[in-house]
$ cat query_37.txt   # compact mmCIF, C-alpha atoms
# COMPACT_ATOMS: atom_id res chain seq x y z
CA MET A 1 8.60 -0.40 6.34
CA ARG A 2 5.60 -2.64 6.92
CA ILE A 3 2.82 -0.82 5.08
CA VAL A 4 -0.86 -1.73 5.21
CA HIS A 5 -3.21 -0.19 2.66
CA VAL A 6 -6.94 -0.43 3.35
CA SER A 7 -9.29 0.12 0.43
CA PRO A 8 -12.88 -0.83 -0.48
CA SER A 9 -11.59 -2.41 -3.69
CA TYR A 10 -8.44 -3.53 -5.45
CA THR A 11 -7.59 -5.31 -8.68
CA PRO A 12 -9.34 -6.99 -10.49
CA CYS A 13 -11.92 -4.29 -9.75
CA ILE A 14 -11.39 -1.51 -12.30
CA GLY A 15 -11.21 2.16 -11.36
CA GLY A 16 -8.87 5.08 -10.92
CA SER A 17 -8.22 4.65 -7.20
CA GLU A 18 -7.72 0.89 -7.68
CA ARG A 19 -5.18 1.48 -10.43
CA MET A 20 -3.36 4.09 -8.35
CA LEU A 21 -3.21 1.83 -5.29
CA GLN A 22 -1.91 -1.12 -7.27
CA ALA A 23 0.73 0.96 -9.07
CA VAL A 24 2.09 2.51 -5.86
CA SER A 25 1.85 -0.68 -3.77
CA GLU A 26 3.81 -2.74 -6.29
CA ARG A 27 6.49 -0.07 -6.61
CA LEU A 28 6.83 0.16 -2.84
CA VAL A 29 7.39 -3.62 -2.77
CA ALA A 30 10.05 -3.23 -5.48
CA ARG A 31 11.78 -0.71 -3.19
CA GLY A 32 12.01 -3.26 -0.39
CA HIS A 33 8.92 -2.51 1.69
CA ALA A 34 6.41 -5.15 2.83
CA VAL A 35 2.97 -4.11 1.57
CA THR A 36 -0.37 -5.67 2.51
CA VAL A 37 -3.66 -4.56 0.97
CA LEU A 38 -6.76 -5.21 3.07
CA THR A 39 -9.78 -4.98 0.80
CA LEU A 40 -13.24 -6.34 0.10
CA ASP A 41 -14.07 -9.38 -2.00
CA CYS A 42 -15.22 -7.37 -5.03
CA ALA A 43 -14.39 -7.93 -8.69
CA THR A 44 -16.77 -5.22 -9.96
CA GLN A 45 -18.73 -2.42 -8.35
CA ARG A 46 -21.83 -4.61 -8.46
CA ASP A 47 -20.21 -6.81 -5.81
CA PHE A 48 -20.27 -3.89 -3.34
CA THR A 49 -23.87 -4.71 -2.44
CA SER A 50 -23.44 -8.49 -2.56
CA ARG A 51 -23.96 -10.59 0.56
CA THR A 52 -21.48 -13.20 -0.64
CA GLY A 53 -18.82 -11.21 -2.49
CA ALA A 54 -17.17 -12.16 -5.78
CA GLY A 55 -15.55 -15.38 -4.60
CA LEU A 56 -11.99 -14.12 -5.08
CA PRO A 57 -9.17 -15.69 -3.00
CA SER A 58 -9.30 -14.56 0.62
CA CYS A 59 -5.51 -14.26 0.64
CA GLU A 60 -3.06 -14.15 -2.25
CA LEU A 61 0.28 -12.68 -3.29
CA LEU A 62 0.13 -10.58 -6.47
CA ASN A 63 3.32 -9.00 -7.82
CA GLY A 64 4.78 -9.05 -4.33
CA VAL A 65 1.75 -7.42 -2.66
CA LYS A 66 -0.12 -9.50 -0.09
CA ILE A 67 -3.86 -9.14 -0.61
CA ILE A 68 -6.37 -9.99 2.12
CA ARG A 69 -10.04 -9.94 1.10
CA VAL A 70 -13.05 -9.94 3.40
CA SER A 71 -16.81 -9.93 2.88
CA PRO A 72 -18.46 -6.67 1.73
CA SER A 73 -21.74 -7.48 3.49
CA GLY A 74 -20.92 -6.48 7.08
CA GLY A 75 -22.33 -9.77 8.35
CA GLY A 76 -24.91 -10.25 11.06
CA PHE A 77 -24.14 -7.05 12.93
CA LEU A 78 -25.11 -4.83 10.00
CA ARG A 79 -28.30 -6.81 9.45
CA SER A 80 -29.10 -6.37 13.14
CA VAL A 81 -28.65 -2.62 12.89
CA GLU A 82 -30.85 -2.50 9.80
CA TRP A 83 -33.53 -4.39 11.78
CA TRP A 84 -33.14 -1.98 14.69
CA LEU A 85 -33.66 1.02 12.43
CA ARG A 86 -37.10 -0.29 11.57
CA GLN A 87 -38.10 -0.35 15.26
CA ARG A 88 -39.65 2.54 17.17
CA GLY A 89 -36.87 4.86 18.36
CA GLY A 90 -34.29 3.05 16.24
CA TRP A 91 -33.28 6.07 14.18
CA ARG A 92 -32.93 8.29 17.26
CA THR A 93 -30.75 5.85 19.20
CA THR A 94 -28.61 5.04 16.16
CA THR A 95 -28.02 8.75 15.57
CA TRP A 96 -26.95 9.09 19.21
CA LEU A 97 -24.44 6.25 18.83
CA LEU A 98 -23.05 6.89 15.33
CA GLY A 99 -23.84 10.55 14.63
CA ASN A 100 -25.99 12.23 11.99
CA ASP A 101 -24.09 10.58 9.17
CA PHE A 102 -24.86 7.05 10.31
CA ASP A 103 -26.34 6.28 6.89
CA TYR A 104 -22.79 6.61 5.55
CA ALA A 105 -21.39 4.33 8.28
CA LEU A 106 -24.05 1.70 7.58
CA SER A 107 -23.94 1.87 3.79
CA ARG A 108 -22.78 -1.00 1.63
CA PRO A 109 -20.11 -2.08 1.08
CA SER A 110 -19.44 -2.29 4.79
CA GLY A 111 -16.08 -2.08 6.49
CA LEU A 112 -17.20 -4.00 9.58
CA SER A 113 -15.49 -7.20 8.46
CA MET A 114 -12.20 -5.31 8.10
CA ILE A 115 -11.90 -4.37 11.76
CA LEU A 116 -10.49 -7.61 13.21
CA PRO A 117 -8.00 -8.26 10.38
CA LEU A 118 -6.82 -4.65 10.61
CA LEU A 119 -6.24 -4.90 14.36
CA ARG A 120 -4.21 -8.10 13.88
CA LEU A 121 -1.95 -7.00 11.02
CA LYS A 122 1.55 -5.88 11.91
CA ALA A 123 2.22 -2.44 10.45
CA ASP A 124 4.51 0.55 10.75
CA VAL A 125 2.00 2.75 8.91
CA VAL A 126 -1.56 2.33 7.64
CA GLY A 127 -2.92 4.18 4.61
CA THR A 128 -6.70 4.32 4.11
CA VAL A 129 -7.69 4.78 0.47
CA ASN A 130 -10.97 6.03 -1.05
CA TRP A 131 -13.28 7.57 1.54
CA GLY A 132 -16.24 7.66 -0.80
CA PHE A 133 -17.67 4.59 0.90
CA GLY A 134 -18.69 3.93 4.50
CA VAL A 135 -15.79 1.50 4.83
CA SER A 136 -13.62 4.40 5.99
CA PHE A 137 -15.87 5.08 9.01
CA TRP A 138 -15.11 1.71 10.60
CA VAL A 139 -11.50 1.59 9.49
CA CYS A 140 -10.57 5.06 10.76
CA HIS A 141 -12.26 4.57 14.11
CA SER A 142 -10.75 1.13 14.63
CA LEU A 143 -7.30 2.65 14.05
CA ARG A 144 -7.80 4.64 17.26
CA LEU A 145 -7.14 1.32 19.03
CA ARG A 146 -3.72 0.96 17.41
CA ARG A 147 -0.45 2.76 18.12
CA VAL A 148 0.40 3.09 14.47
CA PRO A 149 0.42 6.23 12.31
CA HIS A 150 -2.48 6.58 9.93
CA VAL A 151 -2.23 8.37 6.57
CA ALA A 152 -5.43 9.31 4.76
CA ILE A 153 -5.58 8.93 0.98
CA PRO A 154 -9.25 9.98 0.75
CA VAL A 155 -9.66 10.44 -3.05
CA LEU A 156 -12.50 12.88 -2.48
CA HIS A 157 -14.70 14.21 -5.28
CA ILE A 158 -14.83 17.54 -3.53
CA ASP A 159 -17.63 19.16 -5.55
CA ARG A 160 -20.07 16.30 -5.00
CA PRO A 161 -22.62 16.56 -2.16
CA TRP A 162 -21.38 13.41 -0.40
CA ALA A 163 -17.94 14.99 0.13
CA GLN A 164 -19.53 17.67 2.35
CA ARG A 165 -20.28 15.23 5.17
CA LYS A 166 -19.40 16.65 8.58
CA LEU A 167 -18.26 13.16 9.50
CA TYR A 168 -15.02 13.64 7.57
CA ALA A 169 -13.81 16.17 10.13
CA ARG A 170 -13.95 13.40 12.77
CA LEU A 171 -12.18 10.92 10.53
CA PHE A 172 -9.32 13.31 9.78
CA LYS A 173 -8.64 13.52 13.53
CA THR A 174 -7.43 9.91 13.34
CA CYS A 175 -4.77 10.81 10.75
CA ALA A 176 -1.18 11.98 10.99
CA THR A 177 -1.41 13.53 7.52
CA ALA A 178 -3.13 13.10 4.16
CA ILE A 179 -1.98 12.34 0.64
CA VAL A 180 -4.23 14.04 -1.91
CA LEU A 181 -4.49 14.22 -5.67
CA THR A 182 -4.88 17.93 -6.46
CA ASP A 183 -4.31 21.38 -5.00
CA ALA A 184 -8.09 21.75 -4.75
CA GLU A 185 -8.39 18.58 -2.66
CA GLN A 186 -5.50 19.75 -0.47
CA GLU A 187 -7.34 22.97 0.35
CA PHE A 188 -10.55 21.03 0.92
CA VAL A 189 -9.14 18.48 3.39
CA ARG A 190 -7.29 21.15 5.35
CA ALA A 191 -10.60 22.98 5.77
CA LYS A 192 -12.10 19.68 6.96
CA GLY A 193 -9.47 19.34 9.68
CA ALA A 194 -6.65 17.31 8.18
CA PRO A 195 -3.46 18.20 10.13
CA SER A 196 -1.57 18.47 6.83
CA ALA A 197 -1.88 17.33 3.24
CA VAL A 198 0.71 16.49 0.59
CA VAL A 199 -0.26 16.72 -3.08
CA ALA A 200 0.86 13.63 -5.00
CA GLY A 201 -1.50 13.36 -7.96
CA GLY A 202 -1.99 10.30 -10.12
CA GLY A 203 0.34 8.81 -12.67
CA VAL A 204 1.19 6.61 -15.63
CA GLU A 205 3.92 4.16 -16.52
CA PRO A 206 5.48 5.65 -19.70
CA GLY A 207 6.65 2.26 -20.97
CA ARG A 208 3.05 1.09 -21.20
CA PHE A 209 2.49 3.44 -24.15
CA GLN A 210 5.48 2.49 -26.30
CA GLN A 211 3.80 -0.35 -28.20
CA ARG A 212 0.41 1.23 -28.79
CA ASP A 213 -1.18 0.44 -32.17
CA GLY A 214 -4.19 2.57 -32.98
CA ALA A 215 -4.12 1.45 -36.61
CA ALA A 216 -4.79 -2.13 -35.53
CA ILE A 217 -7.84 -1.02 -33.53
CA LYS A 218 -9.15 0.99 -36.49
CA ALA A 219 -8.68 -1.99 -38.77
CA ARG A 220 -10.35 -4.41 -36.33
CA TYR A 221 -13.51 -2.27 -36.15
CA ASN A 222 -13.47 -1.07 -39.77
CA LEU A 223 -13.12 2.59 -38.81
CA GLY A 224 -11.09 3.49 -41.87
CA ALA A 225 -10.23 7.21 -42.05
CA ARG A 226 -13.27 8.31 -40.02
CA GLN A 227 -12.67 10.69 -37.14
CA VAL A 228 -13.19 9.17 -33.69
CA VAL A 229 -14.30 10.84 -30.44
CA GLY A 230 -13.38 8.61 -27.52
CA PHE A 231 -14.59 8.02 -23.98
CA ILE A 232 -12.81 5.53 -21.68
CA GLY A 233 -14.11 4.47 -18.28
CA ARG A 234 -17.23 3.98 -16.20
CA GLN A 235 -20.32 4.75 -18.24
CA ASP A 236 -22.88 6.61 -16.16
CA SER A 237 -24.54 9.99 -15.78
CA LEU A 238 -21.97 11.50 -13.42
CA LYS A 239 -19.16 10.42 -15.72
CA GLY A 240 -20.96 12.41 -18.40
CA VAL A 241 -21.72 9.69 -20.94
CA PRO A 242 -25.40 10.63 -21.53
CA THR A 243 -24.23 14.24 -21.96
CA LEU A 244 -21.62 13.08 -24.47
CA VAL A 245 -24.18 11.09 -26.46
CA GLU A 246 -26.41 14.17 -26.67
CA ALA A 247 -23.43 16.27 -27.74
CA MET A 248 -22.59 13.79 -30.48
CA ARG A 249 -26.10 14.07 -31.90
CA ILE A 250 -25.27 17.75 -32.48
CA VAL A 251 -21.85 16.89 -33.90
CA TRP A 252 -23.40 14.35 -36.30
CA GLU A 253 -25.58 17.08 -37.82
CA HIS A 254 -22.37 18.64 -39.16
CA ALA A 255 -20.02 15.63 -39.34
CA PRO A 256 -22.17 12.51 -39.80
CA GLN A 257 -19.21 10.20 -40.39
CA THR A 258 -17.70 10.83 -36.96
CA VAL A 259 -17.59 7.78 -34.66
CA LEU A 260 -18.27 7.84 -30.92
CA LEU A 261 -16.09 5.18 -29.27
CA ILE A 262 -17.08 4.22 -25.72
CA ALA A 263 -14.81 1.72 -23.97
CA GLY A 264 -14.93 0.25 -20.47
CA PRO A 265 -16.44 -2.50 -18.31
CA ARG A 266 -19.93 -3.53 -19.39
CA SER A 267 -20.85 -3.96 -15.71
CA HIS A 268 -20.13 -0.26 -15.08
CA ARG A 269 -22.71 0.99 -17.62
CA ASP A 270 -25.75 2.42 -15.85
CA ARG A 271 -29.39 2.46 -16.92
CA ALA A 272 -29.32 6.12 -17.95
CA THR A 273 -26.48 5.46 -20.39
CA SER A 274 -28.11 2.34 -21.80
CA ASP A 275 -31.42 4.17 -22.24
CA LYS A 276 -29.68 7.06 -23.99
CA LEU A 277 -27.95 4.69 -26.41
CA HIS A 278 -31.15 2.75 -27.08
CA ALA A 279 -32.98 6.02 -27.85
CA LEU A 280 -30.67 6.74 -30.78
CA SER A 281 -31.99 6.23 -34.28
CA GLU A 282 -30.74 3.26 -36.29
CA SER A 283 -28.37 5.47 -38.30
CA GLU A 284 -27.03 7.10 -35.11
CA ARG A 285 -26.42 3.75 -33.41
CA GLN A 286 -24.26 2.75 -36.36
CA ARG A 287 -21.96 5.65 -35.47
CA VAL A 288 -21.38 4.36 -31.92
CA LEU A 289 -18.70 1.77 -31.19
CA LEU A 290 -18.83 0.02 -27.82
CA ILE A 291 -15.66 -1.78 -26.75
CA ASP A 292 -16.61 -3.67 -23.61
CA ASP A 293 -14.26 -5.31 -21.10
CA PHE A 294 -11.09 -4.75 -23.09
CA ALA A 295 -7.76 -6.09 -21.86
CA ASP A 296 -5.69 -3.54 -19.96
CA GLU A 297 -2.81 -3.77 -22.40
CA GLU A 298 -5.14 -2.62 -25.20
CA GLY A 299 -5.97 0.66 -23.47
CA PRO A 300 -3.21 2.76 -25.10
CA SER A 301 -4.05 1.38 -28.57
CA ILE A 302 -7.74 2.21 -28.12
CA ILE A 303 -6.83 5.78 -27.17
CA GLU A 304 -4.41 5.97 -30.09
CA ALA A 305 -7.32 5.14 -32.42
CA CYS A 306 -9.17 8.27 -31.24
CA ASP A 307 -8.70 11.82 -32.50
CA LEU A 308 -9.60 13.23 -29.09
CA LEU A 309 -10.90 12.09 -25.71
CA ALA A 310 -14.07 13.69 -24.35
CA GLN A 311 -14.43 12.94 -20.62
CA PRO A 312 -17.12 15.36 -19.35
CA SER A 313 -17.20 13.77 -15.89
CA VAL A 314 -18.38 15.61 -12.79
CA GLU A 315 -17.42 12.64 -10.57
CA GLU A 316 -13.65 12.98 -10.42
CA ALA A 317 -10.91 13.23 -7.83
CA PHE A 318 -8.22 13.39 -10.52
CA GLY A 319 -8.70 11.82 -13.97
CA LEU A 320 -6.07 9.22 -14.90
CA VAL A 321 -7.51 8.67 -18.36
CA LEU A 322 -6.65 12.28 -19.24
CA LEU A 323 -3.00 11.49 -18.56
CA GLU A 324 -3.26 8.39 -20.72
CA ALA A 325 -4.73 10.41 -23.57
CA TRP A 326 -1.90 12.91 -23.37
CA MET A 327 0.65 10.09 -23.36
CA CYS A 328 -0.82 9.09 -26.71
CA GLY A 329 -0.53 12.69 -27.94
CA LYS A 330 -4.30 13.27 -27.88
CA PRO A 331 -6.20 16.40 -26.81
CA VAL A 332 -8.78 16.12 -24.04
CA ILE A 333 -12.07 17.73 -23.08
CA GLY A 334 -13.12 17.64 -19.42
CA ALA A 335 -15.88 19.12 -17.29
CA ASP A 336 -15.15 22.40 -15.55
CA ILE A 337 -14.96 21.05 -11.98
CA PRO A 338 -12.22 21.70 -9.36
CA ALA A 339 -10.30 18.44 -9.84
CA THR A 340 -10.18 18.71 -13.62
CA ARG A 341 -9.32 22.42 -13.49
CA CYS A 342 -6.21 21.45 -11.52
CA LEU A 343 -5.17 19.07 -14.29
CA VAL A 344 -6.23 20.56 -17.63
CA ASP A 345 -4.74 23.84 -18.83
CA HIS A 346 -7.80 25.30 -20.58
CA GLY A 347 -6.76 26.26 -24.08
CA GLY A 348 -3.25 24.89 -23.54
CA ASP A 349 -3.58 21.10 -23.54
CA GLY A 350 -7.35 20.66 -23.57
CA TRP A 351 -10.73 22.29 -23.12
CA LEU A 352 -13.00 22.58 -20.08
CA VAL A 353 -16.75 22.64 -20.66
CA ALA A 354 -19.75 23.41 -18.48
CA PRO A 355 -20.98 20.30 -16.62
CA PHE A 356 -23.97 18.52 -18.17
CA ASP A 357 -23.98 20.93 -21.13
CA PRO A 358 -24.13 19.01 -24.44
CA VAL A 359 -24.16 22.22 -26.52
CA ASP A 360 -20.89 23.48 -25.03
CA LEU A 361 -19.36 20.03 -25.31
CA ALA A 362 -20.43 19.65 -28.94
CA ALA A 363 -18.90 23.03 -29.83
CA ARG A 364 -15.53 22.03 -28.36
CA ILE A 365 -15.59 18.64 -30.05
CA ARG A 366 -16.34 20.24 -33.41
CA SER A 367 -13.59 22.83 -32.98
CA LEU A 368 -10.98 20.13 -32.31
CA LEU A 369 -12.14 17.84 -35.09
CA ALA A 370 -11.78 20.74 -37.52
CA ASP A 371 -8.32 21.81 -36.31
CA PRO A 372 -5.59 19.15 -36.53
CA GLU A 373 -2.88 21.64 -35.56
CA THR A 374 -4.58 22.46 -32.26
CA ARG A 375 -5.18 18.76 -31.60
CA ALA A 376 -1.48 18.06 -32.10
CA ALA A 377 -0.39 21.02 -29.97
CA PHE A 378 -2.72 20.10 -27.09
CA GLY A 379 -1.52 16.50 -27.17
CA ARG A 380 2.14 17.49 -27.31
CA ARG A 381 1.88 19.89 -24.36
CA GLY A 382 -0.14 17.40 -22.34
CA ARG A 383 2.41 14.65 -22.88
CA ALA A 384 5.25 16.90 -21.75
CA LYS A 385 3.30 17.73 -18.60
CA VAL A 386 2.66 14.08 -17.78
CA LEU A 387 6.32 13.12 -18.19
CA SER A 388 7.45 15.97 -15.93
CA ARG A 389 4.86 15.59 -13.15
CA TYR A 390 2.74 12.47 -13.36
CA THR A 391 4.71 9.24 -13.58
CA TRP A 392 4.12 6.42 -11.09
CA GLY A 393 7.75 6.60 -10.04
CA ARG A 394 7.36 10.21 -8.98
CA ILE A 395 4.03 9.51 -7.23
CA THR A 396 5.60 6.60 -5.33
CA ASP A 397 8.44 8.91 -4.24
CA ILE A 398 5.89 11.16 -2.54
CA TRP A 399 3.95 8.34 -0.85
CA GLU A 400 7.17 6.74 0.39
CA ALA A 401 8.58 10.02 1.73
CA THR A 402 5.31 10.79 3.51
CA TYR A 403 5.20 7.35 5.12
CA ARG A 404 8.83 7.63 6.26
CA THR A 405 8.12 10.98 7.87
CA VAL A 406 5.11 9.86 9.90
CA VAL A 407 6.88 6.64 10.95
CA THR A 408 10.03 8.51 12.01
CA HIS A 409 8.24 11.23 13.95
CA ARG A 410 5.25 9.41 15.37
CA SER A 411 4.26 9.92 18.96
CA PRO A 412 4.87 6.80 21.13
CA LEU A 413 1.45 7.29 22.75
CA THR A 414 -0.84 8.03 19.82
CA GLY A 415 1.03 6.97 16.73
CA HIS A 416 0.40 10.41 15.25
CA SER A 417 3.12 12.57 13.81
CA PRO A 418 3.49 15.94 15.57
CA GLN A 419 5.79 17.17 12.78
CA ALA A 420 3.66 16.06 9.86
CA ALA A 421 1.85 19.36 9.60
CA SER A 422 5.02 21.20 8.64
CA HIS A 423 6.63 18.42 6.62
CA GLN A 424 6.97 18.58 2.87
CA PRO A 425 8.33 15.42 1.22
CA ARG A 426 11.62 15.54 -0.60
CA ARG A 427 11.67 16.44 -4.25
CA PRO A 428 11.53 13.20 -6.25
CA HIS A 429 14.34 12.39 -8.64
CA HIS A 430 13.47 11.60 -12.25
$ encode --input "query_37.txt" --output "structure tokens"
Amino acid sequence: MRIVHVSPSYTPCIGGSERMLQAVSERLVARGHAVTVLTLDCATQRDFTSRTGAGLPSCELLNGVKIIRVSPSGGGFLRSVEWWLRQRGGWRTTTWLLGNDFDYALSRPSGLSMILPLLRLKADVVGTVNWGFGVSFWVCHSLRLRRVPHVAIPVLHIDRPWAQRKLYARLFKTCATAIVLTDAEQEFVRAKGAPSAVVAGGGVEPGRFQQRDGAAIKARYNLGARQVVGFIGRQDSLKGVPTLVEAMRIVWEHAPQTVLLIAGPRSHRDRATSDKLHALSESERQRVLLIDDFADEEGPSIIEACDLLAQPSVEEAFGLVLLEAWMCGKPVIGADIPATRCLVDHGGDGWLVAPFDPVDLAARIRSLLADPETRAAFGRRGRAKVLSRYTWGRITDIWEATYRTVVTHRSPLTGHSPQAASHQPRRPHH
């Protein structure tokens, strides 16, 4: 099949949806499919609002995947619309043309520069990834001009206010089916009007975790035998980092030698997190280890150096780092939100805590630090779950089967699949 994936960002930009798209795209290429990724010229999330982009190659081949990058700015048309909105009657006429959610359509990064390349690319199926940005508005509507089946991979954070946009119901009308990450997201997109939805989830590559060396990380940062609470990822309020810092101040009252390890891109640390870290006393700051911009191959070793991973994020569609923690045999703590509830078995392989509640989070951290048997049991059960359900090979099976179905059964007039609503992809082989 000729598969085109459209996404606001792709590697080297770091994030869960970017990692998922790269893992599946490269495996589809290995299975003989031709895969093109149409994305924006963004190396970090800061580039989303840039007028010039990151300066990455406009076209390159990476591990067999053809990558086409375009400007995130939207060009002159978007600037013209922004000017028009400042004129008398501009808001009213723009609402008439684009609907009540036009702020989403006109947000940055913009998908306007994707329209022409998307209309020119030869494809048997198009998958649109990550609908959290206004890019999807222009991409989904431009696909109405093509006789090619469209599969939504929306990666929706269903409990966040932005996911409640009425606009999504219109966008799902352009789709033959959807690939979602959790049972909760499946129920959500069906209620929004998706003709069908197949649950795939996220994944890991088990081989990536075979050479992990947590002892080397502990030695490098002089951690010794101190217990370590880890956080890996984007460091902002919705990801729960300020909440975690507050929780650790409670933990330190009882276990002052415990280290808080925070690892991830420096560019993805927001002001609230920086302010919270700067507000710590000198002795508290000495208990925080920041590992910025680490190489991807070091990820498993960093997790291995931790006694547990605390990821109290309320901004999640899935939570790949939880899988990675389990692959290292580590227990996890996540926020009690729909996506994480679908992944973590509360009391079985991790704990769920109330969102933005440092007291609840601190209590769960303390209980795990004091109970090595529970830590080991949670990690062991989590690892078994990942190996049975959440490998990239299995996830690719589901994407590939879904694409084959919509391509095989598409309507010659619309490109949509009349049988997609009743289709369930074949059981993947392990």
$ residues_around --input "query_37.txt" --residues "Asn222 (chain A)" --least-positions-apart "3" --cutoff "12 Å" --atoms "all atoms listed in the file" --output "VMD selection string"
chain A and resid 215 to 219 225 to 226 228 259 286 to 287 289 305
$ residues_around --input "query_37.txt" --residues "Thr49 (chain A)" --least-positions-apart "5" --cutoff "7 Å" --atoms "only C-alpha atoms" --output "compact mmCIF listing (two decimals) with C-alpha atoms, in the frame of the given file"
# COMPACT_ATOMS: atom_id res chain seq x y z
CA SER A 73 -21.74 -7.48 3.49
CA ARG A 108 -22.78 -1.00 1.63
CA PRO A 109 -20.11 -2.08 1.08
$ residues_around --input "query_37.txt" --residues "Gly233 (chain A)" --least-positions-apart "5" --cutoff "10 Å" --atoms "only C-alpha atoms" --output "PDB file with C-alpha atoms, keeping the file's coordinate frame"
ATOM      1  CA  ILE A  14     -11.390  -1.510 -12.300  1.00  0.00           C
ATOM      2  CA  GLY A  15     -11.210   2.160 -11.360  1.00  0.00           C
ATOM      3  CA  GLY A  16      -8.870   5.080 -10.920  1.00  0.00           C
ATOM      4  CA  LYS A 239     -19.160  10.420 -15.720  1.00  0.00           C
ATOM      5  CA  VAL A 241     -21.720   9.690 -20.940  1.00  0.00           C
ATOM      6  CA  ILE A 262     -17.080   4.220 -25.720  1.00  0.00           C
ATOM      7  CA  ALA A 263     -14.810   1.720 -23.970  1.00  0.00           C
ATOM      8  CA  GLY A 264     -14.930   0.250 -20.470  1.00  0.00           C
ATOM      9  CA  PRO A 265     -16.440  -2.500 -18.310  1.00  0.00           C
ATOM     10  CA  ARG A 266     -19.930  -3.530 -19.390  1.00  0.00           C
ATOM     11  CA  HIS A 268     -20.130  -0.260 -15.080  1.00  0.00           C
ATOM     12  CA  ARG A 269     -22.710   0.990 -17.620  1.00  0.00           C
ATOM     13  CA  GLN A 311     -14.430  12.940 -20.620  1.00  0.00           C
ATOM     14  CA  LEU A 320      -6.070   9.220 -14.900  1.00  0.00           C
ATOM     15  CA  VAL A 321      -7.510   8.670 -18.360  1.00  0.00           C
TER      16      VAL A 321
END
$ atom_distance --input "query_37.txt" --atom1 "CA of Asp307 (chain A)" --atom2 "CA of Asp275 (chain A)"
26.1 Å
$ atom_distance --input "query_37.txt" --atom1 "CA of Lys276 (chain A)" --atom2 "CA of Leu368 (chain A)"
24.3 Å
$ build_atoms --input "query_37.txt" --residues "region 136-151 of chain A" --atoms "N, CA and C atoms" --output "PDB file, in the coordinates of the input"
ATOM      1  N   SER A 136     -14.587   3.562   5.277  1.00  0.00           N
ATOM      2  CA  SER A 136     -13.620   4.400   5.990  1.00  0.00           C
ATOM      3  C   SER A 136     -14.070   4.736   7.400  1.00  0.00           C
ATOM      4  N   PHE A 137     -15.378   4.790   7.660  1.00  0.00           N
ATOM      5  CA  PHE A 137     -15.870   5.080   9.010  1.00  0.00           C
ATOM      6  C   PHE A 137     -15.338   4.047   9.989  1.00  0.00           C
ATOM      7  N   TRP A 138     -15.528   2.766   9.679  1.00  0.00           N
ATOM      8  CA  TRP A 138     -15.110   1.710  10.600  1.00  0.00           C
ATOM      9  C   TRP A 138     -13.601   1.566  10.652  1.00  0.00           C
ATOM     10  N   VAL A 139     -12.953   1.738   9.527  1.00  0.00           N
ATOM     11  CA  VAL A 139     -11.500   1.590   9.490  1.00  0.00           C
ATOM     12  C   VAL A 139     -10.823   2.694  10.289  1.00  0.00           C
ATOM     13  N   CYS A 140     -11.217   3.942  10.057  1.00  0.00           N
ATOM     14  CA  CYS A 140     -10.570   5.060  10.760  1.00  0.00           C
ATOM     15  C   CYS A 140     -10.789   4.981  12.260  1.00  0.00           C
ATOM     16  N   HIS A 141     -12.000   4.644  12.679  1.00  0.00           N
ATOM     17  CA  HIS A 141     -12.260   4.570  14.110  1.00  0.00           C
ATOM     18  C   HIS A 141     -11.575   3.377  14.765  1.00  0.00           C
ATOM     19  N   SER A 142     -11.450   2.275  14.047  1.00  0.00           N
ATOM     20  CA  SER A 142     -10.750   1.130  14.630  1.00  0.00           C
ATOM     21  C   SER A 142      -9.260   1.420  14.777  1.00  0.00           C
ATOM     22  N   LEU A 143      -8.723   2.308  13.942  1.00  0.00           N
ATOM     23  CA  LEU A 143      -7.300   2.650  14.050  1.00  0.00           C
ATOM     24  C   LEU A 143      -6.996   3.434  15.320  1.00  0.00           C
ATOM     25  N   ARG A 144      -8.012   3.977  15.968  1.00  0.00           N
ATOM     26  CA  ARG A 144      -7.800   4.640  17.260  1.00  0.00           C
ATOM     27  C   ARG A 144      -7.298   3.642  18.309  1.00  0.00           C
ATOM     28  N   LEU A 145      -7.560   2.357  18.080  1.00  0.00           N
ATOM     29  CA  LEU A 145      -7.140   1.320  19.030  1.00  0.00           C
ATOM     30  C   LEU A 145      -5.704   0.872  18.803  1.00  0.00           C
ATOM     31  N   ARG A 146      -5.071   1.400  17.745  1.00  0.00           N
ATOM     32  CA  ARG A 146      -3.720   0.960  17.410  1.00  0.00           C
ATOM     33  C   ARG A 146      -2.720   2.099  17.569  1.00  0.00           C
ATOM     34  N   ARG A 147      -1.519   1.768  18.016  1.00  0.00           N
ATOM     35  CA  ARG A 147      -0.450   2.760  18.120  1.00  0.00           C
ATOM     36  C   ARG A 147       0.373   2.726  16.834  1.00  0.00           C
ATOM     37  N   VAL A 148      -0.254   3.102  15.767  1.00  0.00           N
ATOM     38  CA  VAL A 148       0.400   3.090  14.470  1.00  0.00           C
ATOM     39  C   VAL A 148      -0.074   4.329  13.717  1.00  0.00           C
ATOM     40  N   PRO A 149       0.837   5.028  13.040  1.00  0.00           N
ATOM     41  CA  PRO A 149       0.420   6.230  12.310  1.00  0.00           C
ATOM     42  C   PRO A 149      -0.500   5.886  11.155  1.00  0.00           C
ATOM     43  N   HIS A 150      -1.444   6.766  10.942  1.00  0.00           N
ATOM     44  CA  HIS A 150      -2.480   6.580   9.930  1.00  0.00           C
ATOM     45  C   HIS A 150      -2.395   7.724   8.928  1.00  0.00           C
ATOM     46  N   VAL A 151      -2.264   7.383   7.648  1.00  0.00           N
ATOM     47  CA  VAL A 151      -2.230   8.370   6.570  1.00  0.00           C
ATOM     48  C   VAL A 151      -3.498   8.226   5.746  1.00  0.00           C
TER      49      VAL A 151
END
